[in-house]
Amino acid sequence: MEKPLGEPTMANHTRLASDCRLALLMAIAVLFVAACGPAAQIFIRGGRRQLRPELQPAVPATRVLVFAMDGAGYEQFIRAISSGKAKNIMELMGRRKSTEIYEHAYSISNAISVLPTTMPAWVTIFTGQPPAYTGVTGDEFFIREQNRFYAPVPVSVDTHEDTYRVLSNDLLGKLIATPTLYEVVKVRSYVSLNAVYRGADVFTDLDRATYVTIAADVLKSEIPGTKPSDKVVARIDEDATTAVIKNLKQHGLPDLQVVYFPGIDLFTHHTPDPLSSQELYLETVTDYSVGRILDYYRKVGGLDRTYVFFIADHGHTPTLPDGDHALGGEEGADLLPQLLRHEGFRPRPFALNPVPGQQDYQAVVAYQGVVAYIYLADRSLCHEKGKHCWWGRPPRLKEDVMPVVRALYRSGQYGEPIPQLKGKLDLIFAREPAAPGQNTRPFDIFDGKNLRPISIYLASHPRPDLIELDQRMKWLGTGPHGDRAGDIVVLPHFSIKDRINQRYYFGPKYYSEHGSPSIQDSHIPFVLARTTFSGQQLRAIAKPTIDAEPMQLSVVPLIRRLLRPDIAALEAAAR
């Protein structure tokens, strides 16, 4: 199979900004940081860590192979398949017969993601539970009872310590409050690169040689007049695939294999024409990597007995990468802290671990790419400067929460007290606060005078551009860990229906962003394929586990159904 890296079309569509260099250097740093501690075995063993003393026995029957595509939007995935260029995925799925039925695949056309963005979505996909129950509510989030800020995907902070911990120390495994897919199905499971791997048998990362190659390429780009190679992002996905195949050769096919492709998201963020560029990436790099793994399964005689599943965490919406639109970028990062200071709060610095003299904060801000979370303390208990707040106690609605809500509304409508926010804020969500561990109330929307239930607000202010807003906000904020989504959620104007110069986001300067309720970054591929089954048969098998309005919460029930002991009877019924 010819590698796609040398194709000139890829070079034409790849421009990696300085933020991309930082992300790649982060990956390199994982190698050296982990090599100094107990987790060094992940990398010393060439990208593989056995998580159990003995692997669970593999049952030589039905298997499931999951391709987890970070940032792949539904339209971009379908266009890539329909173009005729993604030949390996096309060959697997077969000819398209209708919107959802292919010769050998069932592709759900209306699946959407949970809110808001990457980490909550992947945790939901691999637990079957919403963020308010898993406890992972953002790429960044604050756990009140611990008085600790977490940033497994840093947005506002400039350190990647928690990202290191995700790969080397199973940080998310320590935070997820519900069973994972691997703990539920209890079969031999291998996971490549994805941050959710608690309960699996083997976790595979990049080979050490890959880190060295990327390090040389990125460090060379620091020389004036040079830039990272156009191939470097694709190298991550392709060499992760190599690590997967090495592990399969060593241990044999598992019952469940998850292959995560982070390069799609990274590539899309940093290309000036993000949607068409993503299609190109899917047609070349992703299809090539998928094809290599399918070829290996085919070679060892396992493909015909394997369900192949494609899923994504979110899509992408094009944006302008400048300080006026990137409200969480360098020029705009201080806007929400400015507003909090105006309302008498001491905001927490944008740091993973503030220095001792900065521990008296009364408000915490976390950015999610598009939306922002604001956490508030009961400041009556820590009014004096230098006094630490008791974060185990919730703030007061009237005295703490509502002054900030009103200031956000005034700033968005009239530019007071923060002129730079005028015309940029869409909706402000808040609710009666609850103590950590208590079931939180649903978020309401502030209408300029009062907090109103989302369904009632939408009845009088229809927003068809915000998909399943009420339900998705409940999944984010209503549950035993709903307080981790903050006391206030700020949604700026951000919709594919808006002109690109009217889209704003709380993140660094990118050519695309995600994490809003808008359709473009909410609509995801959700595809089940098998070479020996028809699309109609696959639909009959999948339908009982999927709601009329499919969400990522359906993934675990579907995989459990595919792996259950009486699957032979289920398959016979489908025939």
# chains A, B, ... in the order shown; residues from 1 in each chain; ligands from 1
$ select_by_dssp --residues "range 282-467 of chain A" --states "alpha helix (DSSP H)" --output "number ranges by chain"
A: 287-299, 335-342, 402-414, 454-460
$ select_by_dssp --residues "range 263-362 of chain A" --states "strand (DSSP E or B)" --output "list in words"
Thr306, Tyr307, Val308, Phe309, Phe310, Ile311, Ala312, Thr317, Pro318, Ala326 and Pro347 of chain A
$ write_last_selection --atoms "N, CA, C and O atoms" --output "short mmCIF file (atom, residue, chain, number, x, y, z; two decimals), in the first residue's frame"
data_model
loop_
_atom_site.label_atom_id
_atom_site.label_comp_id
_atom_site.auth_asym_id
_atom_site.auth_seq_id
_atom_site.Cartn_x
_atom_site.Cartn_y
_atom_site.Cartn_z
N THR A 306 -15.28 -9.64 12.18
CA THR A 306 -15.06 -8.41 12.95
C THR A 306 -16.04 -7.33 12.54
O THR A 306 -16.18 -7.01 11.35
N TYR A 307 -16.72 -6.75 13.53
CA TYR A 307 -17.51 -5.53 13.31
C TYR A 307 -16.55 -4.36 13.36
O TYR A 307 -15.76 -4.21 14.30
N VAL A 308 -16.60 -3.51 12.35
CA VAL A 308 -15.74 -2.32 12.29
C VAL A 308 -16.61 -1.09 12.53
O VAL A 308 -17.63 -0.90 11.86
N PHE A 309 -16.19 -0.29 13.48
CA PHE A 309 -17.01 0.82 13.95
C PHE A 309 -16.22 2.11 13.81
O PHE A 309 -15.07 2.20 14.26
N PHE A 310 -16.82 3.14 13.18
CA PHE A 310 -16.20 4.46 13.07
C PHE A 310 -17.00 5.44 13.92
O PHE A 310 -18.23 5.52 13.81
N ILE A 311 -16.30 6.23 14.75
CA ILE A 311 -16.97 7.21 15.61
C ILE A 311 -16.04 8.40 15.78
O ILE A 311 -14.81 8.28 15.65
N ALA A 312 -16.62 9.58 16.06
CA ALA A 312 -15.83 10.79 16.31
C ALA A 312 -16.36 11.49 17.54
O ALA A 312 -17.48 11.23 18.00
N THR A 317 -15.83 23.84 13.04
CA THR A 317 -16.43 25.01 12.40
C THR A 317 -15.32 26.01 12.07
O THR A 317 -14.53 26.35 12.96
N PRO A 318 -15.23 26.47 10.84
CA PRO A 318 -14.17 27.43 10.48
C PRO A 318 -14.27 28.73 11.29
O PRO A 318 -15.37 29.21 11.60
N ALA A 326 -10.68 35.21 18.81
CA ALA A 326 -10.21 34.24 19.78
C ALA A 326 -10.23 34.88 21.16
O ALA A 326 -9.25 35.47 21.60
N PRO A 347 -10.01 36.64 40.60
CA PRO A 347 -9.98 35.46 39.73
C PRO A 347 -8.70 34.65 39.89
O PRO A 347 -7.63 35.20 40.20
#
$ residues_around --residues "range 552-561 of chain A" --least-positions-apart "4" --cutoff "10 Å" --atoms "only C-alpha atoms" --output "VMD selection string"
chain A and resid 63 to 66 111 to 114 121 to 130 180 to 182 184 to 186 256 307 309 311 to 313 524 526 528 541 to 547 565 to 567 570
$ residues_around --residues "range 150-155 of chain A" --least-positions-apart "2" --cutoff "8 Å" --atoms "only C-alpha atoms" --output "list in words"
Met119, Asp139, Glu140, Phe141, Phe142, Ile143, Arg148, Val157, Asp158, Thr159, His160, Asp162, Thr163, Arg165, Val166, Gly328, Leu352, Ala366, Tyr367, Gln368, Gly369, Gly507 and Pro508 of chain A
$ residues_around --residues "Asp70 in chain A" --least-positions-apart "3" --cutoff "8 Å" --atoms "only C-alpha atoms" --output "JSON, numbers by chain"
{"A": [118, 260, 261, 262, 263, 264, 265, 312, 313, 314]}
$ write_last_selection --atoms "N, CA, C and O atoms" --output "short mmCIF file (atom, residue, chain, number, x, y, z; two decimals), in the first residue's frame"
data_model
loop_
_atom_site.label_atom_id
_atom_site.label_comp_id
_atom_site.auth_asym_id
_atom_site.auth_seq_id
_atom_site.Cartn_x
_atom_site.Cartn_y
_atom_site.Cartn_z
N THR A 118 -13.70 17.86 23.34
CA THR A 118 -12.96 16.62 23.16
C THR A 118 -13.07 15.64 24.32
O THR A 118 -13.59 14.53 24.17
N TYR A 260 -7.16 5.13 17.97
CA TYR A 260 -7.48 6.56 18.06
C TYR A 260 -6.56 7.35 17.13
O TYR A 260 -5.34 7.16 17.15
N PHE A 261 -7.16 8.24 16.32
CA PHE A 261 -6.41 9.07 15.40
C PHE A 261 -6.51 10.54 15.83
O PHE A 261 -7.47 11.23 15.49
N PRO A 262 -5.51 11.07 16.57
CA PRO A 262 -5.56 12.47 17.01
C PRO A 262 -5.17 13.46 15.91
O PRO A 262 -5.48 14.65 16.00
N GLY A 263 -4.50 12.98 14.86
CA GLY A 263 -3.97 13.90 13.85
C GLY A 263 -5.04 14.66 13.08
O GLY A 263 -4.79 15.78 12.62
N ILE A 264 -6.24 14.08 12.93
CA ILE A 264 -7.30 14.75 12.17
C ILE A 264 -7.62 16.09 12.80
O ILE A 264 -7.74 17.12 12.13
N ASP A 265 -7.79 16.10 14.12
CA ASP A 265 -8.15 17.32 14.84
C ASP A 265 -7.02 18.35 14.78
O ASP A 265 -7.25 19.52 14.47
N ALA A 312 -16.62 9.58 16.06
CA ALA A 312 -15.83 10.79 16.31
C ALA A 312 -16.36 11.49 17.54
O ALA A 312 -17.48 11.23 18.00
N ASP A 313 -15.56 12.39 18.08
CA ASP A 313 -15.98 13.16 19.26
C ASP A 313 -16.71 14.44 18.87
O ASP A 313 -17.60 14.89 19.58
N HIS A 314 -16.37 15.04 17.73
CA HIS A 314 -16.97 16.30 17.31
C HIS A 314 -16.54 16.60 15.89
O HIS A 314 -15.68 15.92 15.32
#
$ closest_atom_pairs --of "range 252-294 of chain A" --to "range 78-95 of chain A" --cutoff "12 Å" --atoms "only C-alpha atoms" --output "JSON lines"
{"residue": "A:Leu275", "atom": "CA", "partner": "A:Arg79", "partner_atom": "CA", "distance": 10.4}
{"residue": "A:Ser276", "atom": "CA", "partner": "A:Ala80", "partner_atom": "CA", "distance": 9.4}
{"residue": "A:Ser277", "atom": "CA", "partner": "A:Ala80", "partner_atom": "CA", "distance": 10.5}
{"residue": "A:Gln278", "atom": "CA", "partner": "A:Ala80", "partner_atom": "CA", "distance": 8.8}
{"residue": "A:Glu279", "atom": "CA", "partner": "A:Ala80", "partner_atom": "CA", "distance": 5.2}
{"residue": "A:Leu280", "atom": "CA", "partner": "A:Ala80", "partner_atom": "CA", "distance": 7.2}
{"residue": "A:Tyr281", "atom": "CA", "partner": "A:Ala80", "partner_atom": "CA", "distance": 8.8}
{"residue": "A:Leu282", "atom": "CA", "partner": "A:Ala80", "partner_atom": "CA", "distance": 6.3}
{"residue": "A:Glu283", "atom": "CA", "partner": "A:Ala86", "partner_atom": "CA", "distance": 4.4}
{"residue": "A:Thr284", "atom": "CA", "partner": "A:Ala86", "partner_atom": "CA", "distance": 6.7}
{"residue": "A:Val285", "atom": "CA", "partner": "A:Ala86", "partner_atom": "CA", "distance": 9.3}
{"residue": "A:Thr286", "atom": "CA", "partner": "A:Ala86", "partner_atom": "CA", "distance": 8.4}
{"residue": "A:Asp287", "atom": "CA", "partner": "A:Ala86", "partner_atom": "CA", "distance": 5.4}
{"residue": "A:Tyr288", "atom": "CA", "partner": "A:Asn88", "partner_atom": "CA", "distance": 7.2}
{"residue": "A:Ser289", "atom": "CA", "partner": "A:Asn88", "partner_atom": "CA", "distance": 9.2}
{"residue": "A:Val290", "atom": "CA", "partner": "A:Asn88", "partner_atom": "CA", "distance": 7.1}
{"residue": "A:Gly291", "atom": "CA", "partner": "A:Asn88", "partner_atom": "CA", "distance": 5.1}
{"residue": "A:Arg292", "atom": "CA", "partner": "A:Asn88", "partner_atom": "CA", "distance": 8.8}
{"residue": "A:Ile293", "atom": "CA", "partner": "A:Asn88", "partner_atom": "CA", "distance": 10.1}
{"residue": "A:Leu294", "atom": "CA", "partner": "A:Asn88", "partner_atom": "CA", "distance": 8.2}
$ residues_around --residues "Gly479 in chain A" --least-positions-apart "5" --cutoff "9 Å" --atoms "only C-alpha atoms" --output "list in words"
Pro130, Pro131, Ala132, Tyr133, Gly437, Gln438, Asn439, Thr440, Arg441, Pro442 and Lys474 of chain A
$ write_last_selection --atoms "N, CA, C and O atoms" --output "compact mmCIF listing (two decimals), in the first residue's frame"
# COMPACT_ATOMS: atom_id res chain seq x y z
N PRO A 130 -23.22 10.42 30.52
CA PRO A 130 -22.99 11.83 30.18
C PRO A 130 -21.98 12.47 31.13
O PRO A 130 -21.68 11.93 32.21
N PRO A 131 -21.44 13.63 30.76
CA PRO A 131 -20.39 14.27 31.56
C PRO A 131 -20.75 14.52 33.02
O PRO A 131 -19.89 14.39 33.90
N ALA A 132 -22.00 14.91 33.30
CA ALA A 132 -22.39 15.19 34.70
C ALA A 132 -22.31 13.95 35.56
O ALA A 132 -22.33 14.05 36.80
N TYR A 133 -22.24 12.76 34.95
CA TYR A 133 -22.11 11.50 35.69
C TYR A 133 -20.69 10.96 35.66
O TYR A 133 -20.23 10.38 36.65
N GLY A 437 -21.02 16.79 44.83
CA GLY A 437 -21.58 15.48 45.14
C GLY A 437 -23.09 15.43 45.14
O GLY A 437 -23.68 14.36 45.06
N GLN A 438 -23.74 16.59 45.26
CA GLN A 438 -25.20 16.64 45.17
C GLN A 438 -25.64 16.71 43.71
O GLN A 438 -24.93 17.25 42.87
N ASN A 439 -26.80 16.15 43.41
CA ASN A 439 -27.34 16.27 42.06
C ASN A 439 -27.64 17.74 41.78
O ASN A 439 -28.41 18.37 42.50
N THR A 440 -27.03 18.25 40.75
CA THR A 440 -27.21 19.66 40.42
C THR A 440 -28.48 19.88 39.61
O THR A 440 -28.96 18.98 38.93
N ARG A 441 -28.99 21.09 39.70
CA ARG A 441 -30.17 21.47 38.94
C ARG A 441 -29.78 21.73 37.49
O ARG A 441 -28.63 22.02 37.18
N PRO A 442 -30.75 21.65 36.56
CA PRO A 442 -30.44 21.98 35.16
C PRO A 442 -30.06 23.45 35.02
O PRO A 442 -30.50 24.31 35.78
N LYS A 474 -28.44 19.41 29.87
CA LYS A 474 -28.75 18.56 31.03
C LYS A 474 -27.67 17.50 31.21
O LYS A 474 -27.23 17.21 32.33
$ atom_distance --atom1 "CA of Leu340 in chain A" --atom2 "CA of Thr134 in chain A"
28.9 Å
$ residues_around --residues "range 427-436 of chain A" --least-positions-apart "3" --cutoff "6 Å" --atoms "only C-alpha atoms" --output "compact mmCIF listing (two decimals) with N, CA, C and O atoms, in the first residue's frame"
# COMPACT_ATOMS: atom_id res chain seq x y z
N ARG A 393 -18.11 24.54 49.68
CA ARG A 393 -19.42 25.18 49.85
C ARG A 393 -19.77 25.92 48.55
O ARG A 393 -18.93 26.62 47.99
N PRO A 394 -21.00 25.78 48.07
CA PRO A 394 -21.37 26.44 46.81
C PRO A 394 -21.52 27.94 46.99
O PRO A 394 -21.71 28.43 48.12
N LEU A 397 -26.57 32.22 45.09
CA LEU A 397 -27.13 32.62 43.80
C LEU A 397 -27.27 34.13 43.70
O LEU A 397 -26.81 34.74 42.73
N THR A 440 -27.03 18.25 40.75
CA THR A 440 -27.21 19.66 40.42
C THR A 440 -28.48 19.88 39.61
O THR A 440 -28.96 18.98 38.93
N PHE A 443 -29.24 23.72 34.02
CA PHE A 443 -28.91 25.10 33.69
C PHE A 443 -30.13 25.80 33.12
O PHE A 443 -30.94 25.21 32.40
N ASP A 444 -30.27 27.08 33.45
CA ASP A 444 -31.26 27.96 32.86
C ASP A 444 -30.55 28.98 31.97
O ASP A 444 -29.31 29.09 32.00
N ILE A 445 -31.33 29.73 31.19
CA ILE A 445 -30.79 30.80 30.35
C ILE A 445 -31.24 32.14 30.91
O ILE A 445 -32.41 32.32 31.27
N PHE A 446 -30.31 33.08 30.97
CA PHE A 446 -30.65 34.43 31.44
C PHE A 446 -31.20 35.24 30.27
O PHE A 446 -30.55 35.35 29.21
N ASP A 487 -20.57 27.22 37.62
CA ASP A 487 -21.82 27.88 38.04
C ASP A 487 -22.42 28.67 36.90
O ASP A 487 -23.63 28.91 36.88
N ILE A 488 -21.59 29.08 35.96
CA ILE A 488 -22.03 29.85 34.78
C ILE A 488 -21.33 29.26 33.56
O ILE A 488 -20.13 28.96 33.59
N VAL A 489 -22.09 29.09 32.48
CA VAL A 489 -21.52 28.69 31.18
C VAL A 489 -21.78 29.83 30.21
O VAL A 489 -22.92 30.28 30.06
N VAL A 490 -20.73 30.28 29.54
CA VAL A 490 -20.82 31.41 28.60
C VAL A 490 -20.66 30.87 27.18
O VAL A 490 -19.64 30.28 26.85
N LEU A 491 -21.69 31.07 26.36
CA LEU A 491 -21.66 30.67 24.96
C LEU A 491 -21.57 31.91 24.08
O LEU A 491 -22.51 32.69 24.01
